[in-house]
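**Student:** Sending over input_8.cif (mmCIF, C-alpha atoms).
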```
data_query
loop_
_atom_site.label_atom_id
_atom_site.label_comp_id
_atom_site.auth_asym_id
_atom_site.auth_seq_id
_atom_site.Cartn_x
_atom_site.Cartn_y
_atom_site.Cartn_z
CA MET A 1 11.64 51.14 1.08
CA ILE A 2 10.63 50.01 4.57
CA THR A 3 7.41 51.34 6.04
CA LEU A 4 6.78 50.56 9.66
CA LYS A 5 3.78 51.46 11.77
CA ILE A 6 3.63 49.59 15.05
CA GLN A 7 2.22 49.75 18.54
CA LYS A 8 3.34 47.60 21.45
CA LYS A 9 3.10 47.97 25.22
CA LEU A 10 6.51 47.69 26.86
CA GLN A 11 7.54 47.20 30.48
CA SER A 12 10.34 49.61 31.23
CA ALA A 13 12.10 50.65 34.43
CA SER A 14 9.74 53.63 34.71
CA GLY A 15 6.60 51.50 34.30
CA GLU A 16 4.54 50.65 31.24
CA ILE A 17 5.17 52.64 28.06
CA LEU A 18 3.58 52.43 24.64
CA LEU A 19 5.99 51.93 21.77
CA ASP A 20 4.18 53.85 19.03
CA LEU A 21 6.15 54.31 15.83
CA ASP A 22 5.41 55.32 12.27
CA PHE A 23 8.34 55.83 9.93
CA GLU A 24 9.74 55.10 6.48
CA ILE A 25 13.28 54.19 5.51
CA LYS A 26 14.38 54.50 1.91
CA GLU A 27 16.30 51.77 0.13
CA ASN A 28 20.06 52.01 0.69
CA GLU A 29 19.69 54.50 3.53
CA PHE A 30 21.80 54.34 6.70
CA VAL A 31 19.56 55.18 9.64
CA THR A 32 20.48 55.33 13.32
CA LEU A 33 18.09 54.85 16.22
CA TYR A 34 19.19 56.98 19.16
CA GLY A 35 17.66 57.26 22.62
CA ALA A 36 17.97 56.39 26.30
CA SER A 37 17.88 52.78 27.51
CA GLY A 38 14.33 51.50 27.57
CA SER A 39 13.11 53.89 24.88
CA GLY A 40 12.31 51.00 22.52
CA LYS A 41 15.29 50.87 20.13
CA THR A 42 16.14 47.16 20.47
CA THR A 43 12.45 46.19 20.51
CA THR A 44 12.01 48.03 17.21
CA LEU A 45 14.83 46.01 15.62
CA ARG A 46 13.41 42.78 17.06
CA ILE A 47 9.93 43.52 15.69
CA LEU A 48 11.39 44.35 12.26
CA SER A 49 13.35 41.09 12.23
CA GLY A 50 10.37 39.06 13.46
CA LEU A 51 11.97 38.05 16.77
CA SER A 52 9.39 39.98 18.80
CA GLU A 53 5.68 40.31 18.27
CA THR A 54 3.73 43.52 18.27
CA ASP A 55 0.25 44.33 19.58
CA GLN A 56 -0.77 46.07 16.43
CA GLY A 57 0.88 47.21 13.24
CA LYS A 58 2.00 46.84 9.69
CA ILE A 59 5.45 46.44 8.16
CA THR A 60 6.01 46.46 4.42
CA VAL A 61 9.36 46.09 2.69
CA ASP A 62 9.30 47.14 -0.96
CA ASN A 63 6.06 45.56 -2.13
CA SER A 64 5.83 42.67 0.29
CA THR A 65 3.98 42.69 3.58
CA TRP A 66 5.99 41.28 6.49
CA LEU A 67 3.46 42.07 9.16
CA ASP A 68 -0.17 43.09 9.16
CA THR A 69 -2.00 42.40 12.41
CA ASP A 70 -5.38 43.29 10.83
CA LYS A 71 -4.92 40.68 8.10
CA LYS A 72 -3.10 38.27 10.44
CA ILE A 73 0.03 38.27 8.27
CA LEU A 74 3.30 37.47 10.04
CA LEU A 75 6.27 36.50 7.88
CA ALA A 76 8.66 34.09 9.64
CA PRO A 77 12.03 35.61 10.65
CA GLN A 78 14.01 33.27 8.33
CA LYS A 79 11.97 34.49 5.33
CA ARG A 80 12.88 38.14 5.94
CA LYS A 81 16.08 39.14 4.11
CA ILE A 82 17.58 40.54 7.30
CA ALA A 83 20.96 40.25 8.99
CA TYR A 84 21.20 41.07 12.68
CA VAL A 85 24.48 41.85 14.48
CA PHE A 86 24.58 42.33 18.25
CA GLN A 87 27.23 43.46 20.70
CA ASP A 88 27.62 39.76 21.57
CA TYR A 89 29.41 38.05 18.67
CA ALA A 90 27.62 34.68 19.03
CA LEU A 91 30.24 32.81 16.96
CA PHE A 92 30.51 29.02 17.09
CA PRO A 93 33.60 28.45 19.27
CA ASN A 94 34.43 25.02 17.81
CA MET A 95 34.50 26.30 14.21
CA SER A 96 37.17 28.29 12.40
CA VAL A 97 36.42 31.72 10.94
CA ARG A 98 35.84 30.17 7.49
CA GLU A 99 33.60 27.41 8.94
CA ASN A 100 31.55 29.99 10.83
CA LEU A 101 30.89 31.77 7.53
CA LYS A 102 30.21 28.55 5.60
CA TYR A 103 27.69 27.46 8.21
CA ALA A 104 25.56 30.48 7.30
CA LEU A 105 25.32 29.51 3.61
CA GLU A 106 21.89 28.63 2.31
CA LYS A 107 21.41 25.25 0.61
CA GLY A 108 22.83 25.42 -2.89
CA GLN A 109 24.18 28.96 -2.46
CA ASP A 110 27.30 29.91 -4.45
CA GLN A 111 30.33 29.65 -2.13
CA SER A 112 32.21 32.51 -3.78
CA ILE A 113 30.58 34.94 -1.32
CA ILE A 114 32.79 33.42 1.43
CA GLU A 115 36.05 34.45 -0.32
CA GLU A 116 34.58 37.85 -1.13
CA LEU A 117 33.61 38.55 2.49
CA LEU A 118 36.89 37.20 3.91
CA GLU A 119 38.63 39.65 1.62
CA LEU A 120 36.31 42.61 2.27
CA MET A 121 36.62 42.22 6.05
CA GLU A 122 40.38 41.47 5.76
CA LEU A 123 39.96 38.07 7.40
CA THR A 124 41.79 35.96 4.81
CA GLN A 125 44.88 35.63 7.01
CA LEU A 126 42.71 34.63 9.98
CA GLN A 127 40.33 32.24 8.20
CA HIS A 128 41.63 29.07 9.89
CA GLN A 129 41.72 30.50 13.42
CA LYS A 130 39.10 29.67 16.05
CA PRO A 131 37.16 32.56 17.68
CA ALA A 132 39.06 32.13 20.99
CA GLN A 133 42.28 33.14 19.20
CA LEU A 134 40.80 36.42 17.91
CA SER A 135 40.59 39.89 19.44
CA GLY A 136 37.20 41.51 20.13
CA GLY A 137 37.42 43.63 17.00
CA GLN A 138 38.35 40.63 14.85
CA LYS A 139 35.45 38.61 16.28
CA GLN A 140 33.06 41.42 15.47
CA ARG A 141 34.38 41.49 11.87
CA VAL A 142 33.66 37.74 11.62
CA ALA A 143 30.16 38.29 13.04
CA LEU A 144 29.56 41.04 10.48
CA ALA A 145 30.89 38.90 7.60
CA ARG A 146 28.75 35.96 8.71
CA ALA A 147 25.66 38.17 8.82
CA LEU A 148 26.28 39.15 5.19
CA VAL A 149 26.73 35.62 3.78
CA GLN A 150 23.06 35.28 2.80
CA LYS A 151 23.17 38.67 1.03
CA PRO A 152 20.52 40.39 3.14
CA GLN A 153 18.65 43.50 1.99
CA ILE A 154 18.55 44.91 5.48
CA LEU A 155 21.34 45.01 8.05
CA LEU A 156 20.38 45.59 11.69
CA LEU A 157 23.19 46.57 14.04
CA ASP A 158 22.37 46.70 17.76
CA GLU A 159 25.28 48.56 19.38
CA PRO A 160 27.77 46.24 17.68
CA LEU A 161 30.77 48.41 18.55
CA SER A 162 30.13 49.29 22.18
CA ALA A 163 32.45 46.56 23.52
CA VAL A 164 35.55 47.42 21.46
CA ASP A 165 38.16 50.10 22.12
CA ASN A 166 38.08 53.44 20.35
CA GLU A 167 40.73 52.69 17.71
CA MET A 168 39.11 49.41 16.68
CA ARG A 169 35.72 51.09 16.75
CA VAL A 170 36.79 53.63 14.14
CA LYS A 171 38.11 50.81 11.89
CA LEU A 172 34.97 48.70 12.30
CA GLN A 173 32.85 51.71 11.36
CA ASP A 174 34.78 51.83 8.08
CA TYR A 175 34.17 48.10 7.46
CA ILE A 176 30.45 48.60 8.09
CA ILE A 177 30.28 51.59 5.72
CA GLN A 178 32.12 49.57 3.03
CA ALA A 179 29.71 46.64 3.36
CA HIS A 180 26.71 49.01 3.40
CA ARG A 181 27.83 50.56 0.09
CA LYS A 182 29.10 47.42 -1.67
CA TYR A 183 25.99 45.34 -0.98
CA LYS A 184 23.58 48.31 -1.33
CA LEU A 185 22.15 47.50 2.10
CA THR A 186 19.52 49.36 4.00
CA THR A 187 21.15 49.61 7.41
CA ILE A 188 19.63 50.42 10.78
CA LEU A 189 22.08 51.04 13.61
CA VAL A 190 21.40 51.45 17.31
CA SER A 191 24.13 53.67 18.77
CA HIS A 192 24.77 56.05 21.67
CA ASP A 193 27.97 57.48 20.21
CA ILE A 194 27.26 60.86 18.63
CA ALA A 195 30.56 61.00 16.74
CA GLU A 196 29.79 57.56 15.30
CA ILE A 197 26.27 58.66 14.35
CA TYR A 198 27.60 61.77 12.56
CA LYS A 199 30.11 59.68 10.64
CA MET A 200 27.79 56.89 9.53
CA SER A 201 24.18 57.98 9.31
CA ASP A 202 22.14 59.53 6.54
CA LYS A 203 19.31 59.98 9.02
CA VAL A 204 18.76 59.76 12.74
CA ILE A 205 15.54 58.80 14.53
CA VAL A 206 15.47 59.81 18.20
CA LEU A 207 13.21 57.72 20.45
CA GLU A 208 11.91 58.96 23.77
CA ASN A 209 9.64 56.73 25.83
CA GLY A 210 8.59 54.76 22.79
CA LYS A 211 7.83 57.75 20.55
CA ILE A 212 9.83 59.54 17.87
CA SER A 213 10.88 62.86 19.39
CA LYS A 214 13.12 64.06 16.54
CA HIS A 215 14.28 62.90 13.15
CA GLY A 216 16.53 64.30 10.46
CA THR A 217 20.20 64.40 9.59
CA ALA A 218 22.69 64.12 12.49
CA ASN A 219 23.32 67.82 12.23
CA GLU A 220 19.63 68.69 12.36
CA VAL A 221 19.07 66.39 15.34
CA PHE A 222 22.12 67.08 17.49
CA SER A 223 23.06 70.69 16.97
CA SER A 224 20.52 73.11 18.37
CA ARG A 225 21.43 75.74 15.84
CA LEU A 226 22.38 75.30 12.24
CA VAL A 227 25.77 76.84 11.66
CA SER A 228 26.76 77.72 8.11
CA GLY A 229 30.40 76.56 8.61
CA LYS A 230 31.30 73.70 6.28
CA PHE A 231 34.26 72.57 8.37
CA GLN A 232 32.45 70.65 11.08
CA PHE A 233 33.36 67.77 13.34
CA VAL A 234 32.06 66.23 16.52
CA GLY A 235 34.59 65.56 19.23
CA GLU A 236 35.07 65.00 22.93
CA ILE A 237 36.75 67.47 25.26
CA LEU A 238 39.95 66.06 26.77
CA LYS A 239 41.42 69.08 28.52
CA ILE A 240 40.72 72.77 29.15
CA GLU A 241 43.74 74.96 29.94
CA LYS A 242 43.56 78.57 31.02
CA GLU A 243 46.12 81.04 29.76
CA ASN A 244 45.28 84.44 31.19
CA PHE A 245 41.82 85.24 29.67
CA ILE A 246 42.28 82.69 26.86
CA TYR A 247 41.30 79.06 27.15
CA ILE A 248 42.92 76.29 25.12
CA VAL A 249 40.52 73.39 24.67
CA ALA A 250 41.94 70.02 23.55
CA VAL A 251 39.34 67.96 21.65
CA LEU A 252 39.56 64.36 20.45
CA ILE A 253 38.17 63.99 16.92
CA GLY A 254 38.39 60.37 15.77
CA ASN A 255 41.97 59.52 16.70
CA ASN A 256 43.34 63.05 16.45
CA VAL A 257 43.63 65.66 19.15
CA VAL A 258 43.04 69.23 17.98
CA LYS A 259 43.32 72.43 20.01
CA ILE A 260 40.86 75.26 19.88
CA ILE A 261 41.09 78.75 21.35
CA ALA A 262 38.03 79.90 23.29
CA MET A 263 37.05 82.76 25.59
CA GLU A 264 35.54 82.34 29.04
CA GLU A 265 31.95 82.83 27.79
CA GLY A 266 32.50 80.09 25.22
CA ILE A 267 33.49 77.40 27.69
CA GLN A 268 31.10 78.16 30.54
CA ASN A 269 28.94 75.08 29.99
CA LEU A 270 31.75 72.82 28.88
CA ASN A 271 33.35 70.05 30.91
CA ILE A 272 35.90 67.36 30.21
CA GLY A 273 34.18 64.44 28.47
CA ASN A 274 31.47 66.61 26.86
CA LYS A 275 30.66 66.04 23.19
CA VAL A 276 31.04 69.23 21.17
CA LEU A 277 30.46 70.42 17.62
CA ILE A 278 33.50 72.16 16.16
CA ALA A 279 32.71 74.46 13.27
CA SER A 280 34.83 76.78 11.22
CA LYS A 281 34.48 78.60 7.95
CA ALA A 282 35.69 76.48 5.05
CA PHE A 283 37.88 79.44 4.06
CA ASN A 284 40.36 78.99 6.91
CA PRO A 285 41.84 75.48 6.72
CA ILE A 286 45.05 75.00 4.73
CA LEU A 287 45.44 71.88 2.60
CA THR A 288 48.84 70.27 2.18
CA LYS A 289 49.57 67.05 0.35
CA ILE A 290 51.30 64.38 2.44
CA ASP A 291 53.09 61.35 0.99
CA MET B 1 32.36 83.85 20.25
CA ASN B 2 30.67 87.10 19.31
CA LEU B 3 26.99 86.89 18.48
CA LEU B 4 24.80 89.52 16.81
CA GLU B 5 21.27 89.20 15.52
CA GLY B 6 20.03 90.65 12.27
CA LYS B 7 17.81 90.23 9.24
CA ILE B 8 18.96 89.15 5.78
CA SER B 9 18.57 92.08 3.36
CA GLU B 10 20.41 90.90 0.25
CA ILE B 11 21.77 87.63 -1.21
CA LYS B 12 24.09 87.42 -4.22
CA THR B 13 24.85 83.95 -5.52
CA GLU B 14 27.49 82.60 -7.86
CA GLY B 15 27.76 78.83 -8.28
CA SER B 16 27.55 77.35 -4.81
CA LEU B 17 28.72 80.50 -3.00
CA SER B 18 26.50 83.25 -1.63
CA LEU B 19 27.35 86.68 -0.37
CA VAL B 20 24.77 87.47 2.30
CA LYS B 21 24.10 90.95 3.63
CA VAL B 22 22.55 91.09 7.08
CA MET B 23 21.27 94.29 8.67
CA VAL B 24 22.03 94.56 12.38
CA GLN B 25 19.75 97.52 13.09
CA ASN B 26 21.18 100.02 10.57
CA CYS B 27 24.62 98.44 10.27
CA PRO B 28 25.18 96.10 7.27
CA ILE B 29 27.32 93.01 7.85
CA THR B 30 28.23 90.67 5.01
CA SER B 31 29.17 87.01 5.15
CA ILE B 32 30.22 84.61 2.41
CA VAL B 33 28.94 81.05 2.75
CA ILE B 34 29.14 77.81 0.72
CA ASP B 35 25.37 77.60 0.45
CA THR B 36 22.66 79.00 -1.74
CA PRO B 37 18.97 79.74 -1.13
CA GLU B 38 18.34 76.39 -2.89
CA SER B 39 20.68 74.36 -0.63
CA ALA B 40 19.91 76.10 2.67
CA GLY B 41 16.37 77.12 3.52
CA TYR B 42 17.38 79.81 6.00
CA LEU B 43 18.91 81.92 3.20
CA ALA B 44 15.90 84.10 2.40
CA ILE B 45 15.46 87.87 2.42
CA GLY B 46 13.84 89.01 5.66
CA ASN B 47 14.87 85.93 7.68
CA SER B 48 16.35 86.50 11.12
CA VAL B 49 19.82 85.05 11.52
CA LYS B 50 22.59 85.06 14.08
CA ILE B 51 25.99 86.36 13.08
CA LEU B 52 28.92 84.58 14.69
CA PHE B 53 32.58 85.55 14.65
CA LYS B 54 35.51 84.79 16.88
CA GLU B 55 37.04 87.44 19.12
CA THR B 56 40.42 86.70 17.55
CA GLU B 57 39.10 87.75 14.10
CA VAL B 58 38.11 91.27 15.12
CA VAL B 59 40.54 93.93 13.81
CA LEU B 60 40.55 97.28 15.62
CA ALA B 61 41.19 100.71 14.06
CA LYS B 62 41.26 104.12 15.68
CA ALA B 63 40.74 107.39 13.73
CA PHE B 64 41.12 105.36 10.58
CA SER B 65 41.34 107.06 7.18
CA GLY B 66 42.02 105.68 3.73
CA THR B 67 40.48 102.71 1.99
CA ILE B 68 40.60 99.12 3.16
CA SER B 69 39.36 95.82 1.75
CA LEU B 70 37.62 94.86 4.99
CA GLN B 71 33.88 95.19 4.36
CA ASN B 72 32.47 94.89 7.84
CA LYS B 73 33.10 97.97 9.95
CA LEU B 74 31.33 98.39 13.27
CA ASP B 75 31.45 101.71 15.11
CA CYS B 76 32.13 100.90 18.75
CA SER B 77 33.39 102.42 21.96
CA VAL B 78 35.76 100.77 24.41
CA HIS B 79 33.95 99.44 27.46
CA SER B 80 36.81 97.68 29.25
CA PHE B 81 39.91 95.61 28.62
CA GLU B 82 42.18 92.93 30.09
CA LYS B 83 45.88 92.99 29.39
CA GLY B 84 48.17 89.98 29.14
CA LYS B 85 51.84 89.83 28.25
CA LEU B 86 51.13 88.70 24.68
CA LEU B 87 47.46 89.32 24.09
CA CYS B 88 44.76 91.77 25.16
CA LYS B 89 41.00 91.32 25.26
CA ILE B 90 38.93 94.44 24.63
CA ILE B 91 35.21 94.57 25.37
CA LEU B 92 33.44 96.97 23.00
CA LYS B 93 30.02 98.60 23.14
CA PHE B 94 28.28 98.11 19.80
CA GLN B 95 24.70 99.39 19.51
CA ASN B 96 22.98 98.02 22.61
CA THR B 97 25.21 94.97 22.92
CA ARG B 98 28.85 94.03 23.55
CA ILE B 99 31.42 92.40 21.36
CA ALA B 100 34.98 91.40 22.18
CA SER B 101 38.24 91.64 20.29
CA VAL B 102 41.49 89.87 21.08
CA ILE B 103 44.60 91.54 19.65
CA THR B 104 48.29 91.41 20.53
CA ARG B 105 49.63 93.46 23.41
CA ASN B 106 51.91 95.27 20.94
CA ALA B 107 48.93 96.36 18.85
CA PHE B 108 47.04 97.40 21.97
CA ASP B 109 49.92 99.60 23.09
CA GLN B 110 50.35 101.14 19.62
CA LEU B 111 46.66 102.05 19.45
CA ASP B 112 46.93 103.45 22.97
CA ILE B 113 43.49 102.13 23.81
CA GLN B 114 41.66 103.80 26.72
CA GLU B 115 38.16 103.33 28.09
CA ASN B 116 35.43 105.15 26.08
CA ASP B 117 37.70 105.54 23.03
CA LEU B 118 35.84 105.43 19.74
CA VAL B 119 37.13 102.58 17.59
CA GLN B 120 36.10 100.71 14.48
CA ALA B 121 35.88 96.91 14.77
CA MET B 122 36.46 95.25 11.40
CA ILE B 123 35.83 91.64 10.42
CA LYS B 124 36.63 89.96 7.11
CA THR B 125 33.62 88.72 5.17
CA ASN B 126 34.92 85.15 5.19
CA GLU B 127 35.29 85.08 8.97
CA ILE B 128 31.59 85.53 9.63
CA SER B 129 29.39 82.46 10.16
CA LEU B 130 25.63 82.54 10.01
CA ALA B 131 23.47 80.48 12.33
CA THR B 132 19.79 79.92 12.72
CA HIS B 133 17.57 78.20 15.24
CA ASP B 134 15.80 75.19 13.80
#
```
Would you mind writing the file out in structure tokens?
**Tutor:**
Amino acid sequence: MITLKIQKKLQSASGEILLDLDFEIKENEFVTLYGASGSGKTTTLRILSGLSETDQGKITVDNSTWLDTDKKILLAPQKRKIAYVFQDYALFPNMSVRENLKYALEKGQDQSIIEELLELMELTQLQHQKPAQLSGGQKQRVALARALVQKPQILLLDEPLSAVDNEMRVKLQDYIIQAHRKYKLTTILVSHDIAEIYKMSDKVIVLENGKISKHGTANEVFSSRLVSGKFQFVGEILKIEKENFIYIVAVLIGNNVVKIIAMEEGIQNLNIGNKVLIASKAFNPILTKID
Amino acid sequence: MNLLEGKISEIKTEGSLSLVKVMVQNCPITSIVIDTPESAGYLAIGNSVKILFKETEVVLAKAFSGTISLQNKLDCSVHSFEKGKLLCKIILKFQNTRIASVITRNAFDQLDIQENDLVQAMIKTNEISLATHD
């Protein structure tokens, strides 16, 4: 359990704002921070990891205090069991994949974690390559594996997938979910991608100008009305075709394009590129086994 | 998407399914959902809910007699219609609101639908979604 209560003045594009947060994250939860640029998401991760200071506040993780400005407690970043992955991979260019992972080992730590992570992230075939020989998605897998070498309790992900293409993004999301479950991590993700947030998060915290404006499940936060349909996906509109008074809307869900029939009233506020919630009764879909 | 507002008047639950009766003024409409009052807070007698169903799920009947398994029957009159080669869209007056039905052109011609005709709009229980504002 992480409890965080912090206050810090921030300089943003719109002037000075007060980052003023008070939240709890349960052990093993996957939480996403969502909000506009400058709303305080990255600063929150930096304060939690000890890379940034705060004006006032208290952070406790399980029963240990990491920060308490009243009692002048400030645990050093290297003593916090945290792994931090950014959009920038920050790999050592002169070292192979395996050497990059080995470099992160603590003194006297069992090396078997290296094999385990190479296997989990499907990097065994690439272990002797240098970062320059890898694709963006492969580099990000190495960065993720390296972050997990010291078996952190908490994984912080600051838009780690925003630089990779959509197909690789979907795969990397699966790697992150696997690692989150296998190592029983408490994970905090910063993301702008609503489909990604729906897929990965147990909870979403929405920040606006340094304050929490909404929190709850992705469905509670992003859909203005709760629909009873159990067949729900988030997708992006690719195309809207008109056929007499019927509209055929093509929507990208993950890597699949589906088509949905709508009437004029239903598409009035919709444009190509919009994110939409697609809901249907669970009674309609037909299941067929494929080999 | 057709949208009506009503109040929940009855909930029957079996396992994780609930049959929910909603009164839209004096007209009962039932929906079956994979939720129970325990799993979804909005399922409570007296709560206001929105009833959603697609235009393409609205069956039309004219001077209908006999029995039918469809549970939701709304007495409507024809307000207007648009005809295509394959499909027709009919706007219906229901209570003080409008709903739409999309049926095939063949069906439209067979029913010989004219403005102000009295028709029954029928919707299967499992085609009705419930929604609530949070």
**Student:** Can you write out as CSV which residues of chain B fall within 12 Å of chain A, alongside each residue's closest atom pair and its distance in Å to one decimal, counting all atoms listed in the file and ordering rows by chain and ascending residue number?
**Tutor:**
```
residue,atom,partner,partner_atom,distance
B:Met1,CA,A:Gly266,CA,6.2
B:Asn2,CA,A:Gly266,CA,9.3
B:Leu3,CA,A:Gly266,CA,11.0
B:Leu17,CA,A:Ala282,CA,11.4
B:Ser18,CA,A:Ser228,CA,11.2
B:Val20,CA,A:Ser228,CA,11.5
B:Ser31,CA,A:Ser228,CA,10.0
B:Ile32,CA,A:Lys281,CA,9.2
B:Val33,CA,A:Ser228,CA,6.7
B:Ile34,CA,A:Lys230,CA,7.2
B:Asp35,CA,A:Ser228,CA,7.8
B:Thr36,CA,A:Ser228,CA,10.7
B:Ser39,CA,A:Ser228,CA,11.2
B:Ala40,CA,A:Ser228,CA,8.9
B:Gly41,CA,A:Leu226,CA,10.7
B:Tyr42,CA,A:Leu226,CA,9.2
B:Leu43,CA,A:Ser228,CA,10.2
B:Val49,CA,A:Leu226,CA,10.1
B:Lys50,CA,A:Val227,CA,9.1
B:Ile51,CA,A:Val227,CA,9.6
B:Leu52,CA,A:Val227,CA,8.9
B:Phe53,CA,A:Ser280,CA,9.7
B:Lys54,CA,A:Ala262,CA,8.4
B:Glu55,CA,A:Met263,CA,8.0
B:Thr56,CA,A:Ile261,CA,8.8
B:Glu57,CA,A:Asn284,CA,11.4
B:Phe81,CA,A:Phe245,CA,10.6
B:Glu82,CA,A:Phe245,CA,7.7
B:Lys83,CA,A:Phe245,CA,8.8
B:Gly84,CA,A:Asn244,CA,6.6
B:Lys85,CA,A:Asn244,CA,9.0
B:Leu86,CA,A:Asn244,CA,9.7
B:Leu87,CA,A:Ile246,CA,8.9
B:Cys88,CA,A:Phe245,CA,8.5
B:Lys89,CA,A:Phe245,CA,7.6
B:Ile90,CA,A:Phe245,CA,10.9
B:Ile91,CA,A:Met263,CA,12.0
B:Ile99,CA,A:Glu265,CA,11.5
B:Ala100,CA,A:Met263,CA,9.5
B:Ser101,CA,A:Met263,CA,10.4
B:Val102,CA,A:Ile246,CA,9.3
B:Ile103,CA,A:Ile246,CA,11.6
B:Lys124,CA,A:Phe283,CA,11.0
B:Thr125,CA,A:Phe283,CA,10.3
B:Asn126,CA,A:Phe283,CA,6.5
B:Glu127,CA,A:Lys281,CA,6.6
B:Ile128,CA,A:Lys281,CA,7.7
B:Ser129,CA,A:Ser228,CA,5.8
B:Leu130,CA,A:Ser228,CA,5.3
B:Ala131,CA,A:Val227,CA,4.4
B:Thr132,CA,A:Leu226,CA,5.3
B:His133,CA,A:Arg225,CA,4.6
B:Asp134,CA,A:Arg225,CA,6.0
```
**Student:** Can I get the selection written as a CSV table (one decimal), in the frame of the given file, with C-alpha atoms?
**Tutor:**
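What ended up in result.csv:
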```csv
chain,number,residue,atom,x,y,z
B,1,MET,CA,32.4,83.8,20.2
B,2,ASN,CA,30.7,87.1,19.3
B,3,LEU,CA,27.0,86.9,18.5
B,17,LEU,CA,28.7,80.5,-3.0
B,18,SER,CA,26.5,83.2,-1.6
B,20,VAL,CA,24.8,87.5,2.3
B,31,SER,CA,29.2,87.0,5.2
B,32,ILE,CA,30.2,84.6,2.4
B,33,VAL,CA,28.9,81.0,2.8
B,34,ILE,CA,29.1,77.8,0.7
B,35,ASP,CA,25.4,77.6,0.4
B,36,THR,CA,22.7,79.0,-1.7
B,39,SER,CA,20.7,74.4,-0.6
B,40,ALA,CA,19.9,76.1,2.7
B,41,GLY,CA,16.4,77.1,3.5
B,42,TYR,CA,17.4,79.8,6.0
B,43,LEU,CA,18.9,81.9,3.2
B,49,VAL,CA,19.8,85.0,11.5
B,50,LYS,CA,22.6,85.1,14.1
B,51,ILE,CA,26.0,86.4,13.1
B,52,LEU,CA,28.9,84.6,14.7
B,53,PHE,CA,32.6,85.6,14.6
B,54,LYS,CA,35.5,84.8,16.9
B,55,GLU,CA,37.0,87.4,19.1
B,56,THR,CA,40.4,86.7,17.6
B,57,GLU,CA,39.1,87.8,14.1
B,81,PHE,CA,39.9,95.6,28.6
B,82,GLU,CA,42.2,92.9,30.1
B,83,LYS,CA,45.9,93.0,29.4
B,84,GLY,CA,48.2,90.0,29.1
B,85,LYS,CA,51.8,89.8,28.2
B,86,LEU,CA,51.1,88.7,24.7
B,87,LEU,CA,47.5,89.3,24.1
B,88,CYS,CA,44.8,91.8,25.2
B,89,LYS,CA,41.0,91.3,25.3
B,90,ILE,CA,38.9,94.4,24.6
B,91,ILE,CA,35.2,94.6,25.4
B,99,ILE,CA,31.4,92.4,21.4
B,100,ALA,CA,35.0,91.4,22.2
B,101,SER,CA,38.2,91.6,20.3
B,102,VAL,CA,41.5,89.9,21.1
B,103,ILE,CA,44.6,91.5,19.6
B,124,LYS,CA,36.6,90.0,7.1
B,125,THR,CA,33.6,88.7,5.2
B,126,ASN,CA,34.9,85.2,5.2
B,127,GLU,CA,35.3,85.1,9.0
B,128,ILE,CA,31.6,85.5,9.6
B,129,SER,CA,29.4,82.5,10.2
B,130,LEU,CA,25.6,82.5,10.0
B,131,ALA,CA,23.5,80.5,12.3
B,132,THR,CA,19.8,79.9,12.7
B,133,HIS,CA,17.6,78.2,15.2
B,134,ASP,CA,15.8,75.2,13.8
```
**Student:** Leaving out stretch 103-116 of chain A and any residue of its chain fewer than 2 positions from it, which residues lie within 9 Å of it when counting only C-alpha atoms, given as a VMD selection string?
**Tutor:** chain A and resid 98 to 101 118 to 121 124 145 to 151
**Student:** Counting only C-alpha atoms, which residues of stretch 40-77 of chain A fall within 12 Å of stretch 154-166 of chain A, and what is the closest atom pair for each with its distance in Å at one decimal, ordered by chain and rising number, as JSON lines?
**Tutor:**
```
{"residue": "A:Gly40", "atom": "CA", "partner": "A:Asp158", "partner_atom": "CA", "distance": 11.9}
{"residue": "A:Lys41", "atom": "CA", "partner": "A:Asp158", "partner_atom": "CA", "distance": 8.6}
{"residue": "A:Thr42", "atom": "CA", "partner": "A:Asp158", "partner_atom": "CA", "distance": 6.8}
{"residue": "A:Thr43", "atom": "CA", "partner": "A:Asp158", "partner_atom": "CA", "distance": 10.3}
{"residue": "A:Thr44", "atom": "CA", "partner": "A:Leu156", "partner_atom": "CA", "distance": 10.3}
{"residue": "A:Leu45", "atom": "CA", "partner": "A:Leu156", "partner_atom": "CA", "distance": 6.8}
{"residue": "A:Arg46", "atom": "CA", "partner": "A:Leu156", "partner_atom": "CA", "distance": 9.2}
{"residue": "A:Ile47", "atom": "CA", "partner": "A:Leu156", "partner_atom": "CA", "distance": 11.4}
{"residue": "A:Leu48", "atom": "CA", "partner": "A:Leu156", "partner_atom": "CA", "distance": 9.1}
{"residue": "A:Ser49", "atom": "CA", "partner": "A:Leu156", "partner_atom": "CA", "distance": 8.4}
{"residue": "A:Val61", "atom": "CA", "partner": "A:Ile154", "partner_atom": "CA", "distance": 9.7}
{"residue": "A:Asp62", "atom": "CA", "partner": "A:Ile154", "partner_atom": "CA", "distance": 11.5}
```
**Student:** Quick one: pull the distance between atom CA of A:Lys130 and atom CA of A:Phe92, Å, one decimal.
**Tutor:**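 Interatomic distance, atom CA of A:Lys130 to atom CA of A:Phe92: 8.7 Å.
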**Student:** Evaluate the PyMOL selection byres ((chain A and resi 76) around 12) here and jot the selected residues down as a PyMOL selection string.
**Tutor:** chain A and resi 47-53+65-67+73-75+77-82
**Student:** What does the structure give for the distance between atom CA of A:Gln232 and atom CA of A:Ile278, in Å to one decimal?
**Tutor:**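 Computing it gives 5.4 Å between the two atoms.
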**Student:** Give me the residues near stretch 19-22 of chain A as a PyMOL selection string, where near means some atom within 9 Å (using only C-alpha atoms) and where sequence neighbours in that chain fewer than 2 positions away do not count.
**Tutor:** chain A and resi 3-10+17+24+39-40+43-44+209-212
